[in-house]
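Heads up, the thing below is written out as structure tokens.
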Amino acid sequence: MTSEQKKNLSKTVKRWTPLVVIALLMAAAFATGVHEKLSFETLQAHKGALLENVGAHPVLSSLAFMGAYILSVALSLPIATVLTLAGGFLFGKWLGTLFVVSAATIGAAIIFLIAKTSLGETLREKAGSLYNRIEGNMQDNAAGYLLFMRLVPLFPFFLVNIVPALFNVKLRVFVLTTFFGIIPGSFVFVNVGEQLGEIEALGDLVSKETLLAFALLGVFALIPTLYKQFKNRKVIADGKV
């Protein structure tokens, strides 16, 4: 094997190893049903013991909670709602929101970076003109698009972690829009989590009016981007006249 081949092999291994590790951990988690053990019913059943543990070990409990949240987001486990409720119940609305938003942002950034250096880099190497146009548009308007997708509760969280990575969005933009974009929704669920004993089912958490408010908030966040695109197209159209 030549030095060039060794270099290419090393580059390939470095590019794909993190993604393979995440995929294996995700497969193991779903195969063993770890995510099913942390449910709303489990949280209800053990809330007394959990509160006692937080009272006895506040710092360790906070770190453990954030670690579990980061891992769940990085592995795309469907337990974010339960963990967010737990954050409110165990730490209160303010600390709970801070822990949830921070941990979710860190977990999202991990999967974003892995996708960017593996799937995104590979896609960019084989990209054509259509991809380049989409990438350019995405990068120019990344903040508006990402805030919209974070605020409107229609887009799966894990999908919004991956799509920007495929189009080479900057990490700084991704982190900031994720952190601030998930604050409203996280605060609502954390606040509800404080009254855990009054919740009988997950379906009682958020009203249609709340979801509509999030959707409207997302639309408002997208307005500057839409205006910018309209203005650019108008300039192009005027230039052709």
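In the structure tokens, each chain is lettered A, B, ... as it comes, each chain's residues begin at 1, and ligands are numbered from 1 in order of appearance.
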
Please report as CSV every residue of segment 97-137 of chain A lying within 12 Å of segment 58-77 of chain A, along with the nearest atom pair and their distance in Å (one decimal), using only C-alpha atoms.
```
residue,atom,partner,partner_atom,distance
A:Thr97,CA,A:Met66,CA,11.2
A:Leu98,CA,A:Met66,CA,10.0
A:Phe99,CA,A:Met66,CA,6.3
A:Val100,CA,A:Met66,CA,7.1
A:Val101,CA,A:Met66,CA,9.6
A:Ser102,CA,A:Met66,CA,8.1
A:Ala103,CA,A:Ile70,CA,5.1
A:Ala104,CA,A:Ile70,CA,5.9
A:Thr105,CA,A:Ile70,CA,8.1
A:Ile106,CA,A:Ile70,CA,6.3
A:Gly107,CA,A:Ile70,CA,4.4
A:Ala108,CA,A:Ala74,CA,6.2
A:Ala109,CA,A:Ala74,CA,8.3
A:Ile110,CA,A:Ala74,CA,6.3
A:Ile111,CA,A:Ala74,CA,5.5
A:Phe112,CA,A:Ala74,CA,8.9
A:Leu113,CA,A:Ala74,CA,10.6
A:Ile114,CA,A:Ala74,CA,9.8
A:Ala115,CA,A:Ala74,CA,11.1
```

- atom CA of Lys37 of chain A to atom CA of Pro78 of chain A, straight-line distance in Å: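 Result for atom CA of Pro78 of chain A versus atom CA of Lys37 of chain A: 11.5 Å, one decimal.
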
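By chain and then residue number, the residues within 6 Å of Ala165 of chain A are Phe112, Ala115, Lys116, Gly120, Ile162, Asn168 and Val169 of chain A, counting only C-alpha atoms and disregarding those fewer than 3 positions away in sequence.
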
- Item | Among the residues A:Ala31, A:Ile134, A:Leu38, A:Leu151, the one that comes closest to Thr81 of chain A [using only C-alpha atoms] | A:Leu38

- Query: What does the distance between atom CA of Asn141 of chain A and atom CA of Leu159 of chain A come to in Å, to one decimal place?
  - Reply: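 Separating atom CA of Asn141 of chain A from atom CA of Leu159 of chain A is a distance of 18.0 Å.
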
- Query: Nearest to Leu43 of chain A among A:Phe89, A:Pro18, A:Leu9, A:Ala23, with distances taken over only C-alpha atoms: which residue is it?
  - Reply: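 Of A:Phe89, A:Pro18, A:Leu9, A:Ala23, the one nearest Leu43 of chain A is A:Phe89, counting only C-alpha atoms.
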
- Quote the spacing between atom CA of Val190 of chain A and atom CA of Val54 of chain A in Å to one decimal place.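 The value is 16.3 Å.
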
- Counting only C-alpha atoms, the option among A:Leu119, A:Leu154, A:Leu147, A:Val192 closest to Val20 of chain A: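 Ranking A:Leu119, A:Leu154, A:Leu147, A:Val192 by distance to Val20 of chain A, first place goes to A:Leu119.
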
- Item | Backbone DSSP call of alpha helix (DSSP H) for segment 24-228 of chain A, listed as a count of residues only | 162

- Item | Residue with smallest distance to Ala49 of chain A - pool A:Ser3, A:Met26, A:Ser10, A:Leu90, counting only C-alpha atoms |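 Of A:Ser3, A:Met26, A:Ser10, A:Leu90, the one nearest Ala49 of chain A is A:Leu90, counting only C-alpha atoms.
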